[in-house]
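Have a look at the structure below, then the notes.
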Amino acid sequence: MKVQTPPSPRPAHLLTGSEVSLPGGVMAHLHYKYSLLSSEAEEYRKRPLPLQLDYAPLGVFAVLEVERELQHPRATPLSFLRRPRLYSFIFGLAVIFLIMASYVLSSERKGLLLTPSPYHVDPSLNPSTLPFNVSSNRDHAHMTEMLHQIVSRVDFSPRKLPDLRTLVHSEPHMFSVIPQHFLPDVKNPCWYEQLSGNVSANPYRRNLYSLYSRQSRAAFQYLQNSFRKHLLLRDGRFFRIRCLPYFYIIGQPKCGTTDLYDRLRLHPDVRVTTLKEPHWWTRKRFGIIRPSDGLHARYPVEDYLDLFDLPAHQIQNRLLANRSRGSNHANIIIGEASASTMWDNNAWAYIYDNATEAEPPFLIQDFIHALQPQARFIAILRDPVERLYSDYLYFGIANKSLEDFHEKVWESVQLFHGCLQESSMRACVYNSSLNNAMPVRLQVGLYVVYVLDWLSVFGRDQLLVLRLEDHAADRRLSMHRVFQFLQLGPLSEQKEAEISRRPASNTRRLADKNLGPMLPLTRELLSGFYSPFNRKLANVLRDDAFLWNTHSRTGQRNR
């Protein structure tokens, strides 16, 4: 069932739109007045998120407040004799503190449990005798029984869709910045924005993405230097072009998104940002830099739009050049590839307590659909069993081993099983406390849950789902499917060969390759866990290749 998006009401004090005739006689859609000196975005950036925590007791390292009133006795001629003992005592405390801090920081638990998980490992198992060390039929039967219970509770009931008014109310600033209509002669979603104030000021001086790296700072410095020459002057007013992506590579992690992104950017009509994964929709707009670092300043939508200014300028140049030749269309499209977009909705728990609602009241795709109902999405997937192992090898810090991976998988399966005893399947998939508690990202491989939720608001023709196995086996055919999906023109044989023969990106490190394949028992456990989800995915996509029920691992063990 598709969401019918009625025209959203825009508060008059937030939106002042108009139409202005730009070079070539076209009437361009203009949006709100944007001031380079405005503090609205700054106020949004500083606005704290309401954070609700469970009332479970916090650990000793969660909150530590010490208040001391130092007593200063009168100095005496002999007081200096006591100072060595005092210094020794202070030094001892410092050493103890450093040891404790080192222990905490070296812990393999990277997740920040803002809400402690209520789900625990099965207490009937001794952690020192996990199944990889146990050959008894009793322990294997326990694993089989747990998988059977999980499969029996798998449910794919449709979710409740939020209405547009609720979405606008939850993100009023975002909806005030992005217009309802885009330039009619541009394939990519773009619009013109009126400027006010000092147009010579640096519009990127507060952009938080500029703090990412030296490369980001250099990119924004270039934009600053060329900003003014890309402004359009009409009737004494300045306008800047703004754009959103035409397409999104939405997932999944360790499934070939980087390789797909690097090949797509070689197409002459495709533009991308220097930052492959902005993670704005899922994390930055909530103030999440890294999931383990807690909350920071929120990235306003203006910071996200700034990332596309360079390709936006190229679109404008192409549009103006084409009009001088009698053509009124620009075919350049912009894309971004945040691999968290498809699945990561953990931020909802920072706004809504998990106890208030069983499932998130809205998902990332609800907001994108409200703003870009015609957007296109590409998801590239792989055997979820291999994806999880690759994820462990790539993101694991230290002490990686086959046994350690097995332990983490078994603990995660038990935690997921514990959640299913109390909540629905979708509630567990989107439960941020559970996701933070699991030592491996088991939930990322439940592809069909995310595919169904994306298809609840977007049409099937707007979502292209690829398999990494197919992409690795025949990159030429895979890229041809992508270009066709994005409605891009044909390429010369030379350009097509350049794109398809490009070396693979982001392959597995040599040290991780030397670890070898996972334990057979681990594979059996994960295959049993993912099989009902794979069956449903194959049914939804009408393609049995998504069962991943063969032993062929072509092209995926090196990633």
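Labeling convention for the structure tokens: chains A, B, ... as they appear, residues from 1 per chain, ligands from 1 in order of appearance.
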Selection: 8 Å around Phe533 of chain A, only C-alpha atoms, excl. self and same-chain fewer than 3 positions, as a compact mmCIF listing (two decimals) with N, CA, C and O atoms, in the first residue's frame:
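To be explicit, this is the file written out as out.txt:
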```txt
# COMPACT_ATOMS: atom_id res chain seq x y z
N LEU A 446 18.77 -9.00 8.33
CA LEU A 446 17.35 -9.32 8.19
C LEU A 446 16.76 -8.45 7.08
O LEU A 446 15.86 -7.64 7.28
N TYR A 447 17.26 -8.66 5.87
CA TYR A 447 17.00 -7.77 4.75
C TYR A 447 15.51 -7.57 4.46
O TYR A 447 15.08 -6.46 4.15
N VAL A 448 14.75 -8.64 4.53
CA VAL A 448 13.36 -8.55 4.08
C VAL A 448 12.54 -7.59 4.95
O VAL A 448 11.61 -6.95 4.46
N VAL A 449 12.89 -7.47 6.21
CA VAL A 449 12.17 -6.54 7.09
C VAL A 449 12.32 -5.11 6.54
O VAL A 449 11.34 -4.36 6.44
N TYR A 530 18.89 -17.13 9.71
CA TYR A 530 18.51 -16.25 8.59
C TYR A 530 17.57 -16.90 7.58
O TYR A 530 16.95 -16.19 6.77
N LYS A 536 11.38 -15.40 2.75
CA LYS A 536 10.41 -14.32 2.54
C LYS A 536 10.96 -13.30 1.55
O LYS A 536 10.21 -12.79 0.70
N LEU A 537 12.24 -12.98 1.62
CA LEU A 537 12.84 -12.03 0.69
C LEU A 537 12.76 -12.55 -0.74
O LEU A 537 12.41 -11.79 -1.67
```
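Neighbours of Arg159 of chain A closer than or equal to 12 Å, with only C-alpha atoms counted and sequence neighbours fewer than 2 positions away skipped, come out as Met1, Asp155, Phe156, Ser157, Leu161, Pro162, Ala358, Glu359, Pro360, Pro361, Phe362, Leu363, Asp366, Ser424, Met425, Arg426, Ala427, Val449, Tyr450, Leu452, Asp453, Trp454, Leu455, Ser456 and Val457 of chain A.
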What parts of segment 168-202 of chain A does DSSP call strand (DSSP E)? I'd like the answer as number ranges by chain.
A: 190-196
Residue selection dump (N, CA, C and O atoms) as a PDB file, in the first residue's frame:
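Output file out16.pdb follows:
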```
ATOM      1  N   CYS A 190      16.222  19.837  -7.846  1.00  0.00           N
ATOM      2  CA  CYS A 190      16.922  21.079  -7.517  1.00  0.00           C
ATOM      3  C   CYS A 190      15.926  22.232  -7.453  1.00  0.00           C
ATOM      4  O   CYS A 190      14.828  22.152  -8.027  1.00  0.00           O
ATOM      5  N   TRP A 191      16.320  23.308  -6.808  1.00  0.00           N
ATOM      6  CA  TRP A 191      15.486  24.505  -6.707  1.00  0.00           C
ATOM      7  C   TRP A 191      16.393  25.702  -6.471  1.00  0.00           C
ATOM      8  O   TRP A 191      17.583  25.559  -6.172  1.00  0.00           O
ATOM      9  N   TYR A 192      15.827  26.898  -6.606  1.00  0.00           N
ATOM     10  CA  TYR A 192      16.565  28.121  -6.334  1.00  0.00           C
ATOM     11  C   TYR A 192      16.114  28.710  -5.008  1.00  0.00           C
ATOM     12  O   TYR A 192      14.923  28.715  -4.694  1.00  0.00           O
ATOM     13  N   GLU A 193      17.084  29.209  -4.286  1.00  0.00           N
ATOM     14  CA  GLU A 193      16.871  29.721  -2.942  1.00  0.00           C
ATOM     15  C   GLU A 193      17.334  31.176  -2.904  1.00  0.00           C
ATOM     16  O   GLU A 193      18.441  31.497  -3.342  1.00  0.00           O
ATOM     17  N   GLN A 194      16.467  32.049  -2.404  1.00  0.00           N
ATOM     18  CA  GLN A 194      16.809  33.471  -2.357  1.00  0.00           C
ATOM     19  C   GLN A 194      17.720  33.769  -1.168  1.00  0.00           C
ATOM     20  O   GLN A 194      17.520  33.267  -0.067  1.00  0.00           O
ATOM     21  N   LEU A 195      18.714  34.589  -1.426  1.00  0.00           N
ATOM     22  CA  LEU A 195      19.657  34.981  -0.385  1.00  0.00           C
ATOM     23  C   LEU A 195      19.349  36.398   0.072  1.00  0.00           C
ATOM     24  O   LEU A 195      18.871  37.233  -0.688  1.00  0.00           O
ATOM     25  N   SER A 196      19.658  36.652   1.306  1.00  0.00           N
ATOM     26  CA  SER A 196      19.572  38.006   1.843  1.00  0.00           C
ATOM     27  C   SER A 196      20.768  38.231   2.750  1.00  0.00           C
ATOM     28  O   SER A 196      21.435  37.288   3.159  1.00  0.00           O
TER      29      SER A 196
END
```
As a check of understanding: the span from atom CA of Asp474 of chain A to atom CA of Ser500 of chain A is 8.4 Å
Which residues are near Tyr299 of chain A? Cut-off 8 Å, only C-alpha atoms, ignore same chain within fewer than 6 positions. Put them as a PyMOL selection string.
chain A and resi 45+208+280+284-287
Output the selection as a short mmCIF file (atom, residue, chain, number, x, y, z; two decimals), in the first residue's frame - N, CA, C and O atoms for each residue.
```
data_model
loop_
_atom_site.label_atom_id
_atom_site.label_comp_id
_atom_site.auth_asym_id
_atom_site.auth_seq_id
_atom_site.Cartn_x
_atom_site.Cartn_y
_atom_site.Cartn_z
N ARG A 45 20.64 23.63 15.32
CA ARG A 45 21.84 22.85 15.61
C ARG A 45 22.03 22.65 17.10
O ARG A 45 22.45 21.60 17.56
N LEU A 208 29.22 21.58 9.84
CA LEU A 208 29.90 20.60 10.68
C LEU A 208 30.60 19.52 9.86
O LEU A 208 31.53 18.88 10.36
N TRP A 280 23.45 11.38 7.06
CA TRP A 280 22.64 12.47 7.63
C TRP A 280 21.26 12.01 8.03
O TRP A 280 20.79 12.34 9.13
N LYS A 284 23.40 11.98 11.61
CA LYS A 284 23.88 13.34 11.84
C LYS A 284 22.77 14.32 12.19
O LYS A 284 22.98 15.24 12.99
N ARG A 285 21.58 14.16 11.63
CA ARG A 285 20.52 15.11 11.95
C ARG A 285 20.04 14.97 13.40
O ARG A 285 19.35 15.84 13.92
N PHE A 286 20.40 13.87 14.04
CA PHE A 286 20.09 13.68 15.45
C PHE A 286 21.28 14.02 16.35
O PHE A 286 21.16 13.94 17.57
N GLY A 287 22.42 14.37 15.76
CA GLY A 287 23.60 14.67 16.56
C GLY A 287 24.43 13.45 16.89
O GLY A 287 25.20 13.47 17.85
#
```
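In this comparison, which uses only C-alpha atoms, the residue of A:Leu547, A:Arg542, A:Val186, A:Leu233 approaching Arg323 of chain A most closely is A:Val186.
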Please list as a PyMOL selection string every residue within 10 Å of Thr144 of chain A, counting only C-alpha atoms and excluding residues in the same chain fewer than 3 positions away.
chain A and resi 138-141+147-150+524-525+528-529
Just list as a VMD selection string whatever in segment 347-551 of chain A DSSP marks as alpha helix (DSSP H).
chain A and resid 348 to 351 364 to 371 384 to 395 402 to 420 425 to 429 432 to 437 447 to 455 468 to 473 475 to 485 493 to 500 510 to 513 520 to 541
